[in-house]
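Student: Data: run04.pdb, PDB, C-alpha atoms.
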ATOM      1  CA  MET A  17     100.832 -18.404  54.281  1.00  0.00           C
ATOM      2  CA  ASN A  18     103.813 -19.745  52.342  1.00  0.00           C
ATOM      3  CA  ASP A  19     106.978 -19.403  54.374  1.00  0.00           C
ATOM      4  CA  ALA A  20     109.068 -22.017  52.570  1.00  0.00           C
ATOM      5  CA  PRO A  21     111.515 -19.464  51.115  1.00  0.00           C
ATOM      6  CA  LEU A  22     112.134 -18.081  54.596  1.00  0.00           C
ATOM      7  CA  ALA A  23     112.911 -21.491  56.129  1.00  0.00           C
ATOM      8  CA  LEU A  24     111.272 -20.478  59.389  1.00  0.00           C
ATOM      9  CA  ARG A  25     111.722 -22.688  62.419  1.00  0.00           C
ATOM     10  CA  PRO A  26     108.565 -24.656  63.220  1.00  0.00           C
ATOM     11  CA  LEU A  27     106.728 -23.930  66.449  1.00  0.00           C
ATOM     12  CA  THR A  28     107.415 -26.370  69.266  1.00  0.00           C
ATOM     13  CA  ALA A  29     106.327 -26.304  72.883  1.00  0.00           C
ATOM     14  CA  ARG A  30     109.873 -25.369  73.890  1.00  0.00           C
ATOM     15  CA  SER A  31     110.142 -22.535  71.364  1.00  0.00           C
ATOM     16  CA  VAL A  32     106.764 -21.104  72.410  1.00  0.00           C
ATOM     17  CA  VAL A  33     107.695 -21.160  76.113  1.00  0.00           C
ATOM     18  CA  LEU A  34     111.157 -19.758  75.505  1.00  0.00           C
ATOM     19  CA  SER A  35     110.059 -16.989  73.142  1.00  0.00           C
ATOM     20  CA  THR A  36     107.229 -15.996  75.492  1.00  0.00           C
ATOM     21  CA  LEU A  37     109.514 -15.698  78.511  1.00  0.00           C
ATOM     22  CA  LEU A  38     112.298 -13.974  76.555  1.00  0.00           C
ATOM     23  CA  GLY A  39     109.805 -11.334  75.499  1.00  0.00           C
ATOM     24  CA  HIS A  40     108.297 -10.864  78.950  1.00  0.00           C
ATOM     25  CA  HIS A  41     109.658  -8.501  81.628  1.00  0.00           C
ATOM     26  CA  PRO A  42     110.299  -9.800  84.192  1.00  0.00           C
ATOM     27  CA  PRO A  43     110.792 -13.189  82.503  1.00  0.00           C
ATOM     28  CA  ARG A  44     108.606 -15.169  84.905  1.00  0.00           C
ATOM     29  CA  LEU A  45     105.086 -16.482  84.261  1.00  0.00           C
ATOM     30  CA  PRO A  46     102.695 -18.862  86.019  1.00  0.00           C
ATOM     31  CA  VAL A  47     102.401 -22.286  84.484  1.00  0.00           C
ATOM     32  CA  ARG A  48      98.785 -21.741  83.533  1.00  0.00           C
ATOM     33  CA  ALA A  49      99.664 -18.697  81.435  1.00  0.00           C
ATOM     34  CA  LEU A  50     102.302 -20.691  79.563  1.00  0.00           C
ATOM     35  CA  VAL A  51      99.826 -23.511  79.021  1.00  0.00           C
ATOM     36  CA  ARG A  52      97.275 -21.055  77.643  1.00  0.00           C
ATOM     37  CA  VAL A  53      99.848 -19.615  75.248  1.00  0.00           C
ATOM     38  CA  GLY A  54     100.577 -23.134  74.044  1.00  0.00           C
ATOM     39  CA  GLU A  55      96.868 -23.769  73.533  1.00  0.00           C
ATOM     40  CA  LEU A  56      96.673 -20.644  71.393  1.00  0.00           C
ATOM     41  CA  PHE A  57      99.107 -22.315  69.004  1.00  0.00           C
ATOM     42  CA  GLY A  58      97.456 -25.726  69.087  1.00  0.00           C
ATOM     43  CA  ILE A  59      99.930 -27.283  71.545  1.00  0.00           C
ATOM     44  CA  ALA A  60      98.307 -29.560  74.112  1.00  0.00           C
ATOM     45  CA  GLU A  61      98.632 -28.797  77.818  1.00  0.00           C
ATOM     46  CA  GLY A  62     100.456 -32.066  78.472  1.00  0.00           C
ATOM     47  CA  THR A  63     103.006 -31.275  75.776  1.00  0.00           C
ATOM     48  CA  VAL A  64     103.698 -27.858  77.301  1.00  0.00           C
ATOM     49  CA  ARG A  65     104.098 -29.332  80.783  1.00  0.00           C
ATOM     50  CA  VAL A  66     106.532 -31.966  79.513  1.00  0.00           C
ATOM     51  CA  ALA A  67     108.537 -29.235  77.767  1.00  0.00           C
ATOM     52  CA  LEU A  68     108.635 -27.193  80.983  1.00  0.00           C
ATOM     53  CA  SER A  69     109.953 -30.168  82.968  1.00  0.00           C
ATOM     54  CA  ARG A  70     112.629 -30.867  80.376  1.00  0.00           C
ATOM     55  CA  MET A  71     113.684 -27.212  80.283  1.00  0.00           C
ATOM     56  CA  VAL A  72     114.068 -27.190  84.071  1.00  0.00           C
ATOM     57  CA  ALA A  73     116.155 -30.373  83.901  1.00  0.00           C
ATOM     58  CA  ALA A  74     118.311 -28.817  81.153  1.00  0.00           C
ATOM     59  CA  GLY A  75     118.945 -25.678  83.202  1.00  0.00           C
ATOM     60  CA  ASP A  76     116.965 -23.373  80.918  1.00  0.00           C
ATOM     61  CA  LEU A  77     114.246 -22.598  83.458  1.00  0.00           C
ATOM     62  CA  ARG A  78     113.812 -22.550  87.211  1.00  0.00           C
ATOM     63  CA  GLN A  79     110.541 -23.345  88.920  1.00  0.00           C
ATOM     64  CA  ARG A  80     109.203 -21.673  92.027  1.00  0.00           C
ATOM     65  CA  ALA A  81     105.733 -21.360  93.529  1.00  0.00           C
ATOM     66  CA  GLY A  82     103.914 -22.473  90.409  1.00  0.00           C
ATOM     67  CA  SER A  83     105.833 -20.159  88.074  1.00  0.00           C
ATOM     68  CA  TYR A  84     108.688 -20.616  85.643  1.00  0.00           C
ATOM     69  CA  ALA A  85     111.523 -18.137  85.066  1.00  0.00           C
ATOM     70  CA  LEU A  86     114.604 -17.928  82.883  1.00  0.00           C
ATOM     71  CA  THR A  87     117.960 -18.961  84.329  1.00  0.00           C
ATOM     72  CA  THR A  88     121.039 -16.729  84.274  1.00  0.00           C
ATOM     73  CA  ARG A  89     122.284 -17.989  80.899  1.00  0.00           C
ATOM     74  CA  LEU A  90     119.011 -17.154  79.215  1.00  0.00           C
ATOM     75  CA  LEU A  91     118.742 -13.842  81.041  1.00  0.00           C
ATOM     76  CA  GLU A  92     121.941 -12.921  79.200  1.00  0.00           C
ATOM     77  CA  ARG A  93     120.257 -13.896  75.929  1.00  0.00           C
ATOM     78  CA  GLN A  94     117.267 -11.733  76.830  1.00  0.00           C
ATOM     79  CA  ALA A  95     119.625  -8.809  77.476  1.00  0.00           C
ATOM     80  CA  ARG A  96     121.179  -9.299  74.016  1.00  0.00           C
ATOM     81  CA  GLN A  97     117.745  -9.367  72.439  1.00  0.00           C
ATOM     82  CA  ASP A  98     116.731  -6.202  74.266  1.00  0.00           C
ATOM     83  CA  GLU A  99     119.922  -4.534  73.078  1.00  0.00           C
ATOM     84  CA  SER A 100     119.227  -5.568  69.482  1.00  0.00           C
ATOM     85  CA  ARG A 101     115.836  -3.848  69.663  1.00  0.00           C
ATOM     86  CA  ALA A 102     117.026  -0.664  71.372  1.00  0.00           C
ATOM     87  CA  PRO A 103     120.773  -0.422  70.737  1.00  0.00           C
ATOM     88  CA  ARG A 104     122.792   2.027  72.784  1.00  0.00           C
ATOM     89  CA  THR A 105     124.729   4.056  70.245  1.00  0.00           C
ATOM     90  CA  ARG A 106     126.974   7.080  70.496  1.00  0.00           C
ATOM     91  CA  PRO A 107     128.071   9.682  67.941  1.00  0.00           C
ATOM     92  CA  TRP A 108     130.603   8.197  65.559  1.00  0.00           C
ATOM     93  CA  SER A 109     133.909  10.007  65.235  1.00  0.00           C
ATOM     94  CA  GLY A 110     135.230   7.823  62.422  1.00  0.00           C
ATOM     95  CA  GLU A 111     137.236   5.565  64.728  1.00  0.00           C
ATOM     96  CA  TRP A 112     136.981   1.778  64.741  1.00  0.00           C
ATOM     97  CA  GLU A 113     137.330  -0.727  67.568  1.00  0.00           C
ATOM     98  CA  ILE A 114     140.080  -3.227  66.763  1.00  0.00           C
ATOM     99  CA  ALA A 115     140.652  -6.438  68.696  1.00  0.00           C
ATOM    100  CA  VAL A 116     143.673  -8.648  68.049  1.00  0.00           C
ATOM    101  CA  VAL A 117     143.836 -12.089  69.596  1.00  0.00           C
ATOM    102  CA  SER A 118     146.791 -12.051  71.957  1.00  0.00           C
ATOM    103  CA  ALA A 119     146.146 -15.301  73.801  1.00  0.00           C
ATOM    104  CA  ASP A 120     148.230 -18.400  73.201  1.00  0.00           C
ATOM    105  CA  GLY A 121     147.790 -19.757  69.683  1.00  0.00           C
ATOM    106  CA  SER A 122     147.263 -23.240  71.097  1.00  0.00           C
ATOM    107  CA  ARG A 123     143.954 -22.261  72.696  1.00  0.00           C
ATOM    108  CA  PRO A 124     141.552 -25.200  72.979  1.00  0.00           C
ATOM    109  CA  PRO A 125     138.561 -25.258  70.617  1.00  0.00           C
ATOM    110  CA  ALA A 126     136.163 -24.355  73.422  1.00  0.00           C
ATOM    111  CA  GLU A 127     138.013 -21.081  74.071  1.00  0.00           C
ATOM    112  CA  ARG A 128     138.074 -20.226  70.370  1.00  0.00           C
ATOM    113  CA  ALA A 129     134.356 -20.901  70.096  1.00  0.00           C
ATOM    114  CA  ALA A 130     133.657 -18.792  73.176  1.00  0.00           C
ATOM    115  CA  LEU A 131     135.588 -15.890  71.650  1.00  0.00           C
ATOM    116  CA  ARG A 132     133.650 -16.096  68.393  1.00  0.00           C
ATOM    117  CA  GLN A 133     130.395 -16.021  70.325  1.00  0.00           C
ATOM    118  CA  ALA A 134     131.612 -13.051  72.358  1.00  0.00           C
ATOM    119  CA  MET A 135     132.660 -11.140  69.253  1.00  0.00           C
ATOM    120  CA  ALA A 136     129.332 -11.847  67.556  1.00  0.00           C
ATOM    121  CA  ALA A 137     127.547 -10.514  70.640  1.00  0.00           C
ATOM    122  CA  LEU A 138     129.706  -7.371  70.452  1.00  0.00           C
ATOM    123  CA  ARG A 139     128.909  -7.145  66.710  1.00  0.00           C
ATOM    124  CA  LEU A 140     132.511  -7.238  65.572  1.00  0.00           C
ATOM    125  CA  ALA A 141     133.484  -8.793  62.246  1.00  0.00           C
ATOM    126  CA  GLU A 142     136.654 -10.749  61.512  1.00  0.00           C
ATOM    127  CA  LEU A 143     138.911  -9.080  58.961  1.00  0.00           C
ATOM    128  CA  ARG A 144     141.232 -12.066  58.989  1.00  0.00           C
ATOM    129  CA  GLU A 145     141.882 -14.779  61.540  1.00  0.00           C
ATOM    130  CA  GLY A 146     142.482 -13.259  64.951  1.00  0.00           C
ATOM    131  CA  ASN A 147     141.692  -9.680  63.878  1.00  0.00           C
ATOM    132  CA  TRP A 148     138.248  -8.254  64.672  1.00  0.00           C
ATOM    133  CA  LEU A 149     136.871  -4.760  64.172  1.00  0.00           C
ATOM    134  CA  ARG A 150     133.832  -2.533  63.845  1.00  0.00           C
ATOM    135  CA  PRO A 151     133.025   1.198  63.949  1.00  0.00           C
ATOM    136  CA  ALA A 152     133.251   2.536  67.494  1.00  0.00           C
ATOM    137  CA  ASN A 153     129.642   3.707  67.695  1.00  0.00           C
ATOM    138  CA  LEU A 154     128.210   1.281  70.259  1.00  0.00           C
ATOM    139  CA  ASP A 155     128.069   1.882  73.994  1.00  0.00           C
ATOM    140  CA  ARG A 156     128.269  -1.551  75.627  1.00  0.00           C
ATOM    141  CA  PRO A 157     130.656  -3.389  77.941  1.00  0.00           C
ATOM    142  CA  ARG A 158     133.126  -5.923  76.619  1.00  0.00           C
ATOM    143  CA  SER A 159     132.790  -9.423  77.978  1.00  0.00           C
ATOM    144  CA  GLU A 160     135.454 -11.077  80.102  1.00  0.00           C
ATOM    145  CA  VAL A 161     136.126 -13.561  77.313  1.00  0.00           C
ATOM    146  CA  ALA A 162     136.805 -10.773  74.819  1.00  0.00           C
ATOM    147  CA  THR A 163     139.107  -8.837  77.118  1.00  0.00           C
ATOM    148  CA  ALA A 164     141.000 -11.918  78.297  1.00  0.00           C
ATOM    149  CA  GLN A 165     141.834 -13.243  74.843  1.00  0.00           C
ATOM    150  CA  CYS A 166     142.359  -9.991  72.909  1.00  0.00           C
ATOM    151  CA  THR A 167     144.288  -6.736  72.976  1.00  0.00           C
ATOM    152  CA  TRP A 168     142.089  -3.779  72.036  1.00  0.00           C
ATOM    153  CA  PHE A 169     142.912  -0.646  70.027  1.00  0.00           C
ATOM    154  CA  THR A 170     141.132   2.168  68.239  1.00  0.00           C
ATOM    155  CA  GLY A 171     142.051   3.423  64.805  1.00  0.00           C
ATOM    156  CA  SER A 172     140.781   4.567  61.424  1.00  0.00           C
ATOM    157  CA  PRO A 173     141.120   2.800  58.048  1.00  0.00           C
ATOM    158  CA  ASP A 174     143.150   4.466  55.327  1.00  0.00           C
ATOM    159  CA  GLY A 175     140.588   3.664  52.639  1.00  0.00           C
ATOM    160  CA  ASP A 176     136.833   4.104  52.288  1.00  0.00           C
ATOM    161  CA  PRO A 177     135.175   3.005  55.553  1.00  0.00           C
ATOM    162  CA  ALA A 178     131.898   2.277  53.770  1.00  0.00           C
ATOM    163  CA  ALA A 179     133.679  -0.092  51.407  1.00  0.00           C
ATOM    164  CA  LEU A 180     135.361  -1.760  54.379  1.00  0.00           C
ATOM    165  CA  ALA A 181     131.974  -2.197  56.053  1.00  0.00           C
ATOM    166  CA  ARG A 182     130.511  -3.762  52.911  1.00  0.00           C
ATOM    167  CA  GLY A 183     133.393  -6.211  52.848  1.00  0.00           C
ATOM    168  CA  LEU A 184     132.924  -7.183  56.470  1.00  0.00           C
ATOM    169  CA  TRP A 185     129.130  -7.517  56.503  1.00  0.00           C
ATOM    170  CA  ASP A 186     126.672  -8.738  53.871  1.00  0.00           C
ATOM    171  CA  LEU A 187     124.539  -5.603  54.079  1.00  0.00           C
ATOM    172  CA  ASP A 188     122.553  -6.347  50.930  1.00  0.00           C
ATOM    173  CA  GLY A 189     121.772  -9.846  52.162  1.00  0.00           C
ATOM    174  CA  TRP A 190     120.696  -8.586  55.589  1.00  0.00           C
ATOM    175  CA  ALA A 191     118.426  -5.962  54.027  1.00  0.00           C
ATOM    176  CA  ALA A 192     116.872  -8.493  51.649  1.00  0.00           C
ATOM    177  CA  ARG A 193     116.109 -10.891  54.503  1.00  0.00           C
ATOM    178  CA  ALA A 194     114.596  -8.023  56.508  1.00  0.00           C
ATOM    179  CA  GLY A 195     112.297  -7.215  53.602  1.00  0.00           C
ATOM    180  CA  GLU A 196     111.190 -10.848  53.313  1.00  0.00           C
ATOM    181  CA  LEU A 197     110.415 -11.030  57.026  1.00  0.00           C
ATOM    182  CA  SER A 198     108.491  -7.762  56.957  1.00  0.00           C
ATOM    183  CA  ALA A 199     106.417  -9.025  54.017  1.00  0.00           C
ATOM    184  CA  ALA A 200     105.801 -12.301  55.847  1.00  0.00           C
ATOM    185  CA  LEU A 201     104.465 -10.368  58.841  1.00  0.00           C
ATOM    186  CA  ASP A 202     102.101  -8.539  56.493  1.00  0.00           C
ATOM    187  CA  ARG A 203     100.780 -11.873  55.183  1.00  0.00           C
ATOM    188  CA  ALA A 204     100.476 -13.540  58.588  1.00  0.00           C
ATOM    189  CA  ASP A 205      96.984 -13.476  60.056  1.00  0.00           C
ATOM    190  CA  ALA A 206      96.834 -16.438  62.455  1.00  0.00           C
ATOM    191  CA  PRO A 207      98.505 -15.881  65.853  1.00  0.00           C
ATOM    192  CA  ALA A 208     100.757 -18.903  65.364  1.00  0.00           C
ATOM    193  CA  ASP A 209     101.967 -17.580  62.005  1.00  0.00           C
ATOM    194  CA  ARG A 210     102.638 -14.111  63.408  1.00  0.00           C
ATOM    195  CA  PHE A 211     104.463 -15.580  66.402  1.00  0.00           C
ATOM    196  CA  THR A 212     106.667 -17.736  64.160  1.00  0.00           C
ATOM    197  CA  VAL A 213     107.591 -14.843  61.860  1.00  0.00           C
ATOM    198  CA  ALA A 214     108.149 -12.450  64.782  1.00  0.00           C
ATOM    199  CA  ALA A 215     110.563 -14.918  66.394  1.00  0.00           C
ATOM    200  CA  ALA A 216     112.513 -14.994  63.118  1.00  0.00           C
ATOM    201  CA  VAL A 217     112.492 -11.181  63.039  1.00  0.00           C
ATOM    202  CA  LEU A 218     114.022 -11.059  66.511  1.00  0.00           C
ATOM    203  CA  ARG A 219     116.734 -13.549  65.551  1.00  0.00           C
ATOM    204  CA  HIS A 220     117.496 -11.430  62.494  1.00  0.00           C
ATOM    205  CA  LEU A 221     117.771  -8.260  64.575  1.00  0.00           C
ATOM    206  CA  LEU A 222     120.438  -9.987  66.641  1.00  0.00           C
ATOM    207  CA  THR A 223     122.617 -10.058  63.508  1.00  0.00           C
ATOM    208  CA  ASP A 224     122.166  -6.387  62.583  1.00  0.00           C
ATOM    209  CA  PRO A 225     125.711  -4.943  62.628  1.00  0.00           C
ATOM    210  CA  LEU A 226     124.313  -1.633  63.965  1.00  0.00           C
ATOM    211  CA  LEU A 227     126.635   0.464  61.829  1.00  0.00           C
ATOM    212  CA  PRO A 228     126.672   4.266  61.737  1.00  0.00           C
ATOM    213  CA  ALA A 229     124.260   5.716  59.200  1.00  0.00           C
ATOM    214  CA  LEU A 230     127.153   6.994  57.072  1.00  0.00           C
ATOM    215  CA  LEU A 231     128.221   3.406  56.383  1.00  0.00           C
ATOM    216  CA  LEU A 232     124.772   2.027  55.543  1.00  0.00           C
ATOM    217  CA  PRO A 233     122.748   2.003  52.325  1.00  0.00           C
ATOM    218  CA  GLU A 234     120.245   4.854  52.169  1.00  0.00           C
ATOM    219  CA  THR A 235     117.253   2.513  52.490  1.00  0.00           C
ATOM    220  CA  TRP A 236     118.589   0.447  55.389  1.00  0.00           C
ATOM    221  CA  PRO A 237     115.577  -1.354  56.968  1.00  0.00           C
ATOM    222  CA  GLY A 238     116.896  -1.873  60.497  1.00  0.00           C
ATOM    223  CA  ALA A 239     114.805   0.790  62.250  1.00  0.00           C
ATOM    224  CA  ALA A 240     111.644  -0.169  60.350  1.00  0.00           C
ATOM    225  CA  LEU A 241     112.063  -3.838  61.251  1.00  0.00           C
ATOM    226  CA  ARG A 242     112.511  -2.937  64.918  1.00  0.00           C
ATOM    227  CA  ALA A 243     109.300  -0.921  64.786  1.00  0.00           C
ATOM    228  CA  ARG A 244     107.466  -3.878  63.233  1.00  0.00           C
ATOM    229  CA  TYR A 245     108.659  -6.154  66.012  1.00  0.00           C
ATOM    230  CA  ASP A 246     107.737  -3.613  68.695  1.00  0.00           C
ATOM    231  CA  ALA A 247     104.193  -3.514  67.300  1.00  0.00           C
ATOM    232  CA  PHE A 248     103.966  -7.299  67.386  1.00  0.00           C
ATOM    233  CA  GLU A 249     105.268  -7.443  70.954  1.00  0.00           C
ATOM    234  CA  ALA A 250     102.671  -4.902  72.120  1.00  0.00           C
ATOM    235  CA  GLU A 251      99.967  -6.996  70.435  1.00  0.00           C
ATOM    236  CA  PHE A 252     101.216 -10.227  72.006  1.00  0.00           C
ATOM    237  CA  ARG A 253     101.690  -8.613  75.430  1.00  0.00           C
ATOM    238  CA  GLU A 254      98.056  -7.486  75.379  1.00  0.00           C
ATOM    239  CA  LEU A 255      96.952 -11.011  74.491  1.00  0.00           C
ATOM    240  CA  LEU A 256      99.093 -12.452  77.273  1.00  0.00           C
ATOM    241  CA  GLN A 257      97.642  -9.972  79.751  1.00  0.00           C
ATOM    242  CA  GLN A 258      94.177 -11.189  78.803  1.00  0.00           C
ATOM    243  CA  PHE A 259      95.267 -14.721  79.663  1.00  0.00           C
ATOM    244  CA  LEU A 260      96.656 -13.633  83.028  1.00  0.00           C
ATOM    245  CA  THR A 261      93.508 -11.664  83.830  1.00  0.00           C
ATOM    246  CA  SER A 262      91.257 -14.576  82.963  1.00  0.00           C
ATOM    247  CA  ASP A 263      93.381 -16.863  85.156  1.00  0.00           C
ATOM    248  CA  ARG A 264      92.894 -14.555  88.120  1.00  0.00           C
ATOM    249  CA  GLY A 265      89.161 -14.553  87.426  1.00  0.00           C
TER     250      GLY A 265
END
Represent the structure of the file as structure tokens.
Tutor:
Amino acid sequence: MNDAPLALRPLTARSVVLSTLLGHHPPRLPVRALVRVGELFGIAEGTVRVALSRMVAAGDLRQRAGSYALTTRLLERQARQDESRAPRTRPWSGEWEIAVVSADGSRPPAERAALRQAMAALRLAELREGNWLRPANLDRPRSEVATAQCTWFTGSPDGDPAALARGLWDLDGWAARAGELSAALDRADAPADRFTVAAAVLRHLLTDPLLPALLLPETWPGAALRARYDAFEAEFRELLQQFLTSDRG
């Protein structure tokens, strides 16, 4: 499998543990199951256990009764991933959400960075500095950071909304990357290869702008890529269940 053009992140003990727990509901697994998953990808038991200890020390995981679970910060990441796979949309009336930064212009860098992260999570794009917008077709709460630093409006553009969307998001680039990832999944046979590509698919889904169909190219691959990931997750969940069953035996 040649993944060089995709620049996929290499598998590490931490990435295997994190991806496994992020994809598991509830996100808690016994240590032996996590060790077995690592072994599936050629990662030694000792390496997995060291990674688990470091992740607990870093605040990524919490340990209890021989199991490891995600902490609150990563539970929020899991919620964003779940939303990217099954977005909550509503009929689009043509209106756009508009957020204008109304906080003090001398905000410290940490606050500015937090706002950018919050806007990315809400899938808004920046028209120009301090002005964010997107079609009002998503049903999700706004974070405290976004509401504290911005004033929110709704409105409609005077020009072509599809042209505005193309200017705000690289739709062609997103679709091309989706096609490359889908083809990579087709080529991947070994579990480690499939796991690596599937993790990249999930990261890519997090950047889908989730626009109304009227603003997307006719062959938009978002739904198909979600279906591909759902099929992988069902396959991996079955494999994980086999590990858990064998542990109980």
Student: Might you spell out which residues the PyMOL selection byres ((chain A and resi 35) around 10) would select in the displayed file, as a list in words?
Tutor: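 Residues picked by the PyMOL selection byres ((chain A and resi 35) around 10): Arg30, Ser31, Val32, Val33, Leu34, Thr36, Leu37, Leu38, Gly39, His40, Gln94, Phe211, Thr212, Ala214, Ala215 and Leu218 of chain A.
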Student: Run the PyMOL selection byres ((chain A and resi 253) around 12) on the file and write out the hits as a list in words.
Tutor: Thr36, Leu37, Leu38, Gly39, His40, His41, Ala49, Val53, Phe211, Tyr245, Asp246, Ala247, Phe248, Glu249, Ala250, Glu251, Phe252, Glu254, Leu255, Leu256, Gln257, Gln258, Phe259 and Leu260 of chain A
Student: Using all atoms listed in the file, determine which residues lie at most 9 Å from range 145-151 of chain A, disregarding the query and same-chain residues fewer than 5 positions distant; provide the list as a list in words.
Tutor: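 My list of contacting residues is Trp108, Ser109, Gly110, Glu111, Trp112, Glu113, Ile114, Ala115, Val116, Val117, Ser118, Met135, Arg139, Leu140, Cys166, Ser172, Pro177, Ala181, Leu184, Pro225, Leu227 and Pro228 of chain A.
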Student: CA of Thr170 in chain A and CA of Ala141 in chain A, how far apart in Å?
Tutor: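 So the two atoms, CA of Ala141 in chain A and CA of Thr170 in chain A, lie 14.6 Å apart.
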Student: In Å, how far is it from CA of Val213 in chain A to CA of Thr105 in chain A?
Tutor: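 Distance between the two atoms: 26.9 Å.
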Student: Near Gln79 in chain A, within 10 Å and counting all atoms listed in the file, which residues show up once chain neighbours fewer than 2 positions away are dropped, as a list of chain:residue names?
Tutor: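 The residues that qualify are A:Arg44, A:Leu45, A:Pro46, A:Val47, A:Leu68, A:Ser69, A:Met71, A:Val72, A:Leu77, A:Ala81, A:Gly82, A:Ser83, A:Tyr84, A:Ala85, A:Leu86, A:Thr87.
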Student: Which residue, A:Asp224, A:Arg210, A:Pro42, A:Ala152, has the smallest gap to Trp236 in chain A when you use only C-alpha atoms?
Tutor: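 Answer, going by the shortest atom-to-atom distance: A:Asp224.
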Student: If the PyMOL selection byres ((chain A and resi 187) around 12) is run on the structure shown, which residues does it catch, given as a PyMOL selection string?
Tutor: chain A and resi 178-186+188-194+223-227+231-238
Student: Please fill the gaps in range 85-104 of chain A so it has N, CA and C atoms, and write that as an mmCIF file, keeping the file's coordinate frame.
Tutor:
data_model
loop_
_atom_site.group_PDB
_atom_site.id
_atom_site.type_symbol
_atom_site.label_atom_id
_atom_site.label_comp_id
_atom_site.auth_asym_id
_atom_site.auth_seq_id
_atom_site.Cartn_x
_atom_site.Cartn_y
_atom_site.Cartn_z
ATOM 1 N N ALA A 85 110.727 -19.314 85.405
ATOM 2 C CA ALA A 85 111.523 -18.137 85.066
ATOM 3 C C ALA A 85 112.792 -18.571 84.339
ATOM 4 N N LEU A 86 113.357 -17.656 83.589
ATOM 5 C CA LEU A 86 114.604 -17.928 82.883
ATOM 6 C C LEU A 86 115.769 -18.028 83.864
ATOM 7 N N THR A 87 116.735 -18.877 83.542
ATOM 8 C CA THR A 87 117.960 -18.961 84.329
ATOM 9 C C THR A 87 118.952 -17.899 83.844
ATOM 10 N N THR A 88 120.075 -17.795 84.551
ATOM 11 C CA THR A 88 121.039 -16.729 84.274
ATOM 12 C C THR A 88 121.511 -16.735 82.826
ATOM 13 N N ARG A 89 121.784 -17.918 82.283
ATOM 14 C CA ARG A 89 122.284 -17.989 80.899
ATOM 15 C C ARG A 89 121.286 -17.385 79.924
ATOM 16 N N LEU A 90 120.015 -17.672 80.129
ATOM 17 C CA LEU A 90 119.011 -17.154 79.215
ATOM 18 C C LEU A 90 118.651 -15.705 79.522
ATOM 19 N N LEU A 91 118.890 -15.263 80.754
ATOM 20 C CA LEU A 91 118.742 -13.842 81.041
ATOM 21 C C LEU A 91 119.746 -13.034 80.232
ATOM 22 N N GLU A 92 120.944 -13.589 80.034
ATOM 23 C CA GLU A 92 121.941 -12.921 79.200
ATOM 24 C C GLU A 92 121.457 -12.855 77.757
ATOM 25 N N ARG A 93 120.816 -13.907 77.289
ATOM 26 C CA ARG A 93 120.257 -13.896 75.929
ATOM 27 C C ARG A 93 119.154 -12.848 75.817
ATOM 28 N N GLN A 94 118.323 -12.742 76.847
ATOM 29 C CA GLN A 94 117.267 -11.733 76.830
ATOM 30 C C GLN A 94 117.871 -10.331 76.756
ATOM 31 N N ALA A 95 118.968 -10.118 77.506
ATOM 32 C CA ALA A 95 119.625 -8.809 77.476
ATOM 33 C C ALA A 95 120.152 -8.501 76.073
ATOM 34 N N ARG A 96 120.692 -9.515 75.381
ATOM 35 C CA ARG A 96 121.179 -9.299 74.016
ATOM 36 C C ARG A 96 120.020 -8.975 73.078
ATOM 37 N N GLN A 97 118.901 -9.654 73.267
ATOM 38 C CA GLN A 97 117.745 -9.367 72.439
ATOM 39 C C GLN A 97 117.229 -7.956 72.687
ATOM 40 N N ASP A 98 117.176 -7.557 73.947
ATOM 41 C CA ASP A 98 116.731 -6.202 74.266
ATOM 42 C C ASP A 98 117.657 -5.171 73.628
ATOM 43 N N GLU A 99 118.951 -5.452 73.669
ATOM 44 C CA GLU A 99 119.922 -4.534 73.078
ATOM 45 C C GLU A 99 119.740 -4.444 71.568
ATOM 46 N N SER A 100 119.406 -5.577 70.934
ATOM 47 C CA SER A 100 119.227 -5.568 69.482
ATOM 48 C C SER A 100 118.017 -4.741 69.079
ATOM 49 N N ARG A 101 117.045 -4.610 69.975
ATOM 50 C CA ARG A 101 115.836 -3.848 69.663
ATOM 51 C C ARG A 101 115.991 -2.371 69.990
ATOM 52 N N ALA A 102 116.809 -2.058 70.986
ATOM 53 C CA ALA A 102 117.026 -0.664 71.372
ATOM 54 C C ALA A 102 118.517 -0.460 71.620
ATOM 55 N N PRO A 103 119.316 -0.486 70.564
ATOM 56 C CA PRO A 103 120.773 -0.422 70.737
ATOM 57 C C PRO A 103 121.218 0.914 71.333
ATOM 58 N N ARG A 104 122.218 0.817 72.176
ATOM 59 C CA ARG A 104 122.792 2.027 72.784
ATOM 60 C C ARG A 104 123.951 2.488 71.899
#
